[in-house]
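Okay, structure12.txt now, which holds compact mmCIF, C-alpha atoms:
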# COMPACT_ATOMS: atom_id res chain seq x y z
CA MET A 1 -6.45 19.39 -12.46
CA ILE A 2 -9.85 20.47 -11.10
CA LYS A 3 -11.22 16.95 -11.58
CA ILE A 4 -8.22 15.46 -9.78
CA LEU A 5 -8.57 17.83 -6.82
CA LEU A 6 -12.32 17.17 -6.70
CA SER A 7 -11.73 13.42 -6.69
CA LEU A 8 -9.15 13.63 -3.90
CA PHE A 9 -11.39 15.91 -1.84
CA LEU A 10 -14.35 13.55 -2.25
CA GLY A 11 -12.18 10.64 -1.17
CA TYR A 12 -11.23 12.41 2.04
CA LEU A 13 -14.77 13.70 2.63
CA PHE A 14 -16.39 10.29 2.22
CA GLY A 15 -13.71 8.70 4.39
CA SER A 16 -14.30 11.27 7.14
CA ILE A 17 -17.87 10.08 7.68
CA SER A 18 -17.66 8.02 10.85
CA PHE A 19 -20.42 5.45 10.63
CA ALA A 20 -19.21 3.92 13.90
CA VAL A 21 -19.96 7.17 15.74
CA LEU A 22 -23.25 7.78 13.91
CA ILE A 23 -24.65 4.26 14.34
CA SER A 24 -23.55 3.86 17.96
CA ARG A 25 -25.30 7.13 18.77
CA LEU A 26 -28.56 5.53 17.65
CA LYS A 27 -28.15 3.28 20.68
CA GLY A 28 -27.14 6.15 22.94
CA VAL A 29 -23.47 5.11 23.00
CA ASP A 30 -20.40 7.24 22.35
CA ILE A 31 -18.16 4.59 20.84
CA ARG A 32 -15.08 6.72 21.55
CA LYS A 33 -15.66 6.35 25.30
CA VAL A 34 -16.25 2.60 25.56
CA GLY A 35 -14.19 -0.49 24.90
CA THR A 36 -10.98 0.32 23.06
CA GLY A 37 -12.23 3.81 22.26
CA ASN A 38 -11.62 3.13 18.58
CA PRO A 39 -14.44 4.40 16.31
CA GLY A 40 -14.45 1.32 14.13
CA ALA A 41 -16.56 -1.69 13.26
CA ALA A 42 -14.84 -4.08 15.69
CA ASN A 43 -15.46 -1.86 18.72
CA VAL A 44 -19.08 -1.29 17.70
CA PHE A 45 -19.48 -5.05 17.21
CA ARG A 46 -18.29 -5.70 20.77
CA GLN A 47 -19.80 -2.74 22.62
CA VAL A 48 -23.06 -1.97 20.78
CA GLY A 49 -24.07 -5.23 19.14
CA LYS A 50 -23.27 -7.58 16.27
CA PRO A 51 -25.84 -6.19 13.77
CA TYR A 52 -24.55 -2.66 14.35
CA GLY A 53 -20.93 -3.73 14.00
CA ILE A 54 -21.68 -5.52 10.74
CA ALA A 55 -23.56 -2.45 9.46
CA VAL A 56 -20.56 -0.23 10.28
CA TRP A 57 -18.19 -2.68 8.58
CA ILE A 58 -20.30 -2.67 5.40
CA LEU A 59 -20.69 1.12 5.34
CA ASP A 60 -17.00 1.71 6.04
CA THR A 61 -16.20 -0.61 3.14
CA VAL A 62 -18.65 1.16 0.84
CA LYS A 63 -17.25 4.60 1.64
CA GLY A 64 -13.95 3.41 0.19
CA VAL A 65 -15.66 2.22 -2.98
CA VAL A 66 -17.95 5.19 -3.73
CA PRO A 67 -15.36 7.95 -4.26
CA MET A 68 -13.24 5.60 -6.39
CA PHE A 69 -16.28 4.80 -8.51
CA ILE A 70 -16.87 8.54 -9.00
CA ALA A 71 -13.21 9.07 -9.92
CA HIS A 72 -13.33 6.19 -12.37
CA LYS A 73 -16.78 6.25 -13.95
CA ILE A 74 -17.81 9.90 -13.69
CA LEU A 75 -14.55 11.85 -13.71
CA HIS A 76 -12.70 9.32 -15.92
CA LEU A 77 -9.40 9.66 -14.11
CA PRO A 78 -6.33 7.36 -14.42
CA VAL A 79 -5.63 4.44 -12.13
CA LEU A 80 -3.08 6.25 -9.95
CA ILE A 81 -5.56 9.02 -9.16
CA ILE A 82 -8.29 6.46 -8.46
CA ALA A 83 -5.92 4.71 -6.03
CA ALA A 84 -4.95 8.06 -4.46
CA THR A 85 -8.65 8.81 -4.01
CA GLY A 86 -9.04 5.51 -2.18
CA ALA A 87 -5.98 6.31 -0.08
CA LEU A 88 -7.54 9.61 0.96
CA ALA A 89 -10.75 7.79 1.90
CA ILE A 90 -8.62 5.67 4.25
CA ALA A 91 -6.92 8.83 5.53
CA GLY A 92 -10.31 10.43 6.10
CA HIS A 93 -11.39 7.48 8.22
CA CYS A 94 -8.20 7.64 10.28
CA TRP A 95 -8.05 11.45 10.56
CA SER A 96 -11.66 12.48 10.20
CA LEU A 97 -12.57 16.06 9.36
CA PHE A 98 -15.60 15.66 11.64
CA LEU A 99 -13.77 14.12 14.63
CA LYS A 100 -11.05 16.75 15.10
CA PHE A 101 -8.74 14.76 12.82
CA LYS A 102 -9.00 11.59 14.86
CA GLY A 103 -10.56 8.33 13.79
CA GLY A 104 -10.28 4.59 13.39
CA LYS A 105 -7.67 2.30 11.89
CA GLY A 106 -9.07 2.22 8.36
CA VAL A 107 -9.21 -1.56 7.97
CA ALA A 108 -12.74 -1.80 6.50
CA THR A 109 -12.17 1.21 4.24
CA MET A 110 -8.91 -0.35 3.07
CA GLY A 111 -10.98 -3.42 2.28
CA GLY A 112 -13.30 -1.30 0.14
CA VAL A 113 -10.36 0.13 -1.78
CA THR A 114 -8.99 -3.37 -2.35
CA LEU A 115 -12.43 -4.56 -3.44
CA TYR A 116 -12.61 -1.85 -6.09
CA LEU A 117 -9.09 -2.21 -7.45
CA MET A 118 -8.61 -5.96 -7.02
CA PRO A 119 -11.94 -7.69 -6.34
CA LEU A 120 -10.59 -11.20 -6.85
CA LEU A 121 -8.05 -10.62 -4.07
CA PHE A 122 -10.56 -9.13 -1.66
CA PRO A 123 -11.53 -12.53 -0.14
CA LEU A 124 -7.85 -13.38 0.33
CA GLY A 125 -7.27 -10.04 2.06
CA ALA A 126 -10.20 -10.70 4.39
CA ILE A 127 -8.93 -14.20 5.24
CA LEU A 128 -5.43 -12.89 5.94
CA TYR A 129 -6.84 -10.13 8.15
CA PHE A 130 -8.79 -12.57 10.34
CA TRP A 131 -5.76 -14.89 10.39
CA VAL A 132 -3.60 -12.07 11.76
CA GLN A 133 -6.25 -11.13 14.34
CA GLY A 134 -6.78 -14.73 15.40
CA THR A 135 -3.07 -15.37 16.00
CA GLY A 136 -2.53 -12.40 18.30
CA ARG A 137 -1.18 -10.05 15.62
CA LYS A 138 2.36 -11.37 15.90
CA PRO A 139 4.83 -9.40 13.72
CA VAL A 140 5.98 -12.53 11.89
CA ILE A 141 2.35 -13.34 11.02
CA ILE A 142 1.71 -9.78 9.84
CA TYR A 143 4.80 -9.84 7.60
CA SER A 144 3.81 -13.25 6.26
CA ALA A 145 0.30 -12.00 5.47
CA PHE A 146 1.68 -9.03 3.55
CA ALA A 147 4.06 -11.29 1.63
CA ILE A 148 1.28 -13.73 0.72
CA PHE A 149 -0.97 -10.91 -0.48
CA PHE A 150 1.68 -9.28 -2.66
CA ILE A 151 2.78 -12.60 -4.13
CA ALA A 152 -0.86 -13.40 -4.94
CA CYS A 153 -1.21 -9.97 -6.54
CA TYR A 154 1.83 -10.54 -8.73
CA LEU A 155 0.76 -14.05 -9.76
CA SER A 156 -2.73 -12.82 -10.61
CA TYR A 157 -1.23 -10.05 -12.72
CA ARG A 158 1.29 -12.39 -14.32
CA PHE A 159 -1.27 -14.98 -15.33
CA LYS A 160 -3.95 -12.46 -16.32
CA LEU A 161 -6.39 -13.48 -13.61
CA LEU A 162 -6.92 -10.13 -11.93
CA PHE A 163 -9.64 -7.74 -13.07
CA LEU A 164 -10.27 -4.17 -12.11
CA PHE A 165 -13.79 -3.77 -10.82
CA SER A 166 -16.05 -2.75 -13.72
CA TYR A 167 -13.08 -1.84 -15.92
CA GLY A 168 -14.08 -4.54 -18.38
CA LYS A 169 -10.46 -5.32 -19.19
CA LEU A 170 -7.61 -7.32 -17.78
CA LEU A 171 -5.41 -5.66 -15.24
CA THR A 172 -2.52 -6.45 -17.58
CA GLY A 173 -3.85 -3.58 -19.70
CA ILE A 174 -2.45 -1.31 -16.98
CA PRO A 175 1.31 -0.81 -16.68
CA TRP A 176 2.85 -2.83 -13.86
CA LEU A 177 4.50 0.34 -12.54
CA GLU A 178 1.11 1.99 -12.04
CA LEU A 179 -0.16 -1.02 -10.13
CA VAL A 180 2.92 -1.09 -7.88
CA LEU A 181 2.77 2.66 -7.26
CA SER A 182 -0.94 2.39 -6.43
CA MET A 183 -0.24 -0.33 -3.88
CA ILE A 184 2.65 1.67 -2.38
CA ILE A 185 0.34 4.68 -1.94
CA LEU A 186 -2.28 2.57 -0.17
CA LEU A 187 0.25 0.72 1.97
CA GLY A 188 1.93 3.99 2.95
CA VAL A 189 -1.32 5.49 4.21
CA ALA A 190 -2.21 2.29 6.07
CA ILE A 191 1.18 2.26 7.84
CA LEU A 192 0.99 5.95 8.78
CA ALA A 193 -2.49 5.43 10.19
CA ASN A 194 -1.35 2.54 12.37
CA ILE A 195 2.06 3.65 13.64
CA PRO A 196 0.93 3.55 17.32
CA THR A 197 -0.41 0.03 16.85
CA ILE A 198 2.79 -1.07 15.11
CA LYS A 199 4.92 0.32 17.96
CA GLU A 200 2.70 -1.39 20.52
CA LEU A 201 3.02 -4.73 18.72
CA LYS A 202 6.81 -4.40 18.51
CA GLU A 203 7.01 -3.66 22.24
CA GLN A 204 4.78 -6.61 23.09
CA TRP A 205 6.80 -8.92 20.85
CA GLY A 206 10.06 -7.64 22.31
CA LYS A 207 8.95 -8.65 25.82
CA ARG A 208 8.43 -12.27 24.82
Rendering of file as structure tokens:
Amino acid sequence: MIKILLSLFLGYLFGSISFAVLISRLKGVDIRKVGTGNPGAANVFRQVGKPYGIAVWILDTVKGVVPMFIAHKILHLPVLIIAATGALAIAGHCWSLFLKFKGGKGVATMGGVTLYLMPLLFPLGAILYFWVQGTGRKPVIIYSAFAIFFIACYLSYRFKLLFLFSYGKLLTGIPWLELVLSMIILLGVAILANIPTIKELKEQWGKR
């Protein structure tokens, strides 16, 4: 139990580190007061500079990977706890301990979690994300992207193509129920973190 609580705490702690705020301060910018006000890689990219935005994106991705690696390789915890640790890293980014429980949208950190659990699907997730962004984030496109990703996940599992990062064994060695529950945990946190954005998109779509 102590190892589980430690893993979950580390996930939230790592996620709470706002690299967008830290890096933008190096340029004398408070990223929460410019552009969209969102302390994330995209806002840093636009308001501070491309190299800084890319650095934030990489670091936000890594902070999703590191606590999961600790949970997996050092604490030797089961897949569901590893996924929950990643979910808390996303939660930490969105409701940061160091930003009065405010934060970004968790996209890059979600990418890091996906990279650790399902590295072969990480490129697909990135492509779908930019597809959604490039088409104006229409609800039908968002739903389609989710459907494509989950279908790809199932097919990869079904045909033994999907590997867990550094597990050294096929994902089929893990019960399907654990994989589904892990994805539900991650999806649940992502939805909770982006409820305002979802409402905004629904309102915009309803006006068309």
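Note that the spacing between atom CA of Ser16 of chain A and atom CA of Cys94 of chain A amounts to 7.8 Å.
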_Using all atoms listed in the file: which of A:Leu5, A:Gly15, A:Leu187, A:Val113 has the shortest distance to Trp95 of chain A_ = A:Gly15
*asked:* Can you pull out the residues contacting Ile70 of chain A? Cut-off 10 Å, using only C-alpha atoms, and skip same-chain residues under 2 positions away; I want them as a VMD selection string.
replied: chain A and resid 7 10 to 11 65 to 68 72 to 77 82 85
Hey, can you spit out that residue selection with C-alpha atoms as a PDB file, in the frame of the given file?
ATOM      1  CA  SER A   7     -11.730  13.420  -6.690  1.00  0.00           C
ATOM      2  CA  LEU A  10     -14.350  13.550  -2.250  1.00  0.00           C
ATOM      3  CA  GLY A  11     -12.180  10.640  -1.170  1.00  0.00           C
ATOM      4  CA  VAL A  65     -15.660   2.220  -2.980  1.00  0.00           C
ATOM      5  CA  VAL A  66     -17.950   5.190  -3.730  1.00  0.00           C
ATOM      6  CA  PRO A  67     -15.360   7.950  -4.260  1.00  0.00           C
ATOM      7  CA  MET A  68     -13.240   5.600  -6.390  1.00  0.00           C
ATOM      8  CA  HIS A  72     -13.330   6.190 -12.370  1.00  0.00           C
ATOM      9  CA  LYS A  73     -16.780   6.250 -13.950  1.00  0.00           C
ATOM     10  CA  ILE A  74     -17.810   9.900 -13.690  1.00  0.00           C
ATOM     11  CA  LEU A  75     -14.550  11.850 -13.710  1.00  0.00           C
ATOM     12  CA  HIS A  76     -12.700   9.320 -15.920  1.00  0.00           C
ATOM     13  CA  LEU A  77      -9.400   9.660 -14.110  1.00  0.00           C
ATOM     14  CA  ILE A  82      -8.290   6.460  -8.460  1.00  0.00           C
ATOM     15  CA  THR A  85      -8.650   8.810  -4.010  1.00  0.00           C
TER      16      THR A  85
END
*Interatomic distance between atom CA of Ile90 of chain A and atom CA of Gly64 of chain A?*
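Interatomic distance, atom CA of Ile90 of chain A to atom CA of Gly64 of chain A: 7.1 Å.
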*For the point (-21.8, -2.1, 11.4) in the file's frame, write as a PyMOL selection string all residues with an atom no more than 10 Å away, counting only C-alpha atoms.*
chain A and resi 19-20+23-24+40-45+48-60
*Go through A:Gly37, A:Val132, A:Leu22, A:Ile17 one by one, measure the shortest atom-to-atom distance of each to Phe101 of chain A using only C-alpha atoms, and give the residue with the smallest value.*
A:Ile17
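For the pair atom CA of Leu8 of chain A and atom CA of Ile81 of chain A, the interatomic distance is 7.9 Å.
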_So that I can see what lies close to Tyr12 of chain A, please list as a list in words the residues with an atom at most 6 Å from it, counting all atoms listed in the file and leaving out residues fewer than 4 positions away in the same chain._
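Listed by chain and then number, they are Leu88, Ala89 and Gly92 of chain A.
Distance annotation: of A:Val62, A:Tyr129, A:Leu155, A:Ala71, the residue with the minimal separation from Ile2 of chain A is A:Ala71; atom set is only C-alpha atoms.
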_Residue nearest Gly106 of chain A among A:Ser182, A:Thr36, A:Gln47, A:Ser18 (counting all atoms listed in the file)_ =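 Nearest to Gly106 of chain A: A:Ser18.
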*Select, from A:Val79, A:Leu121, A:Val21, A:Leu115, the residue with the minimum atom-to-atom distance to Leu99 of chain A, counting all atoms listed in the file.*
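Smallest distance to Leu99 of chain A is found for A:Val21.
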_Residue nearest Ala87 of chain A - candidates A:Pro123, A:Ser144, A:Gly111, A:Phe150, atoms counted: all atoms listed in the file_ = A:Gly111
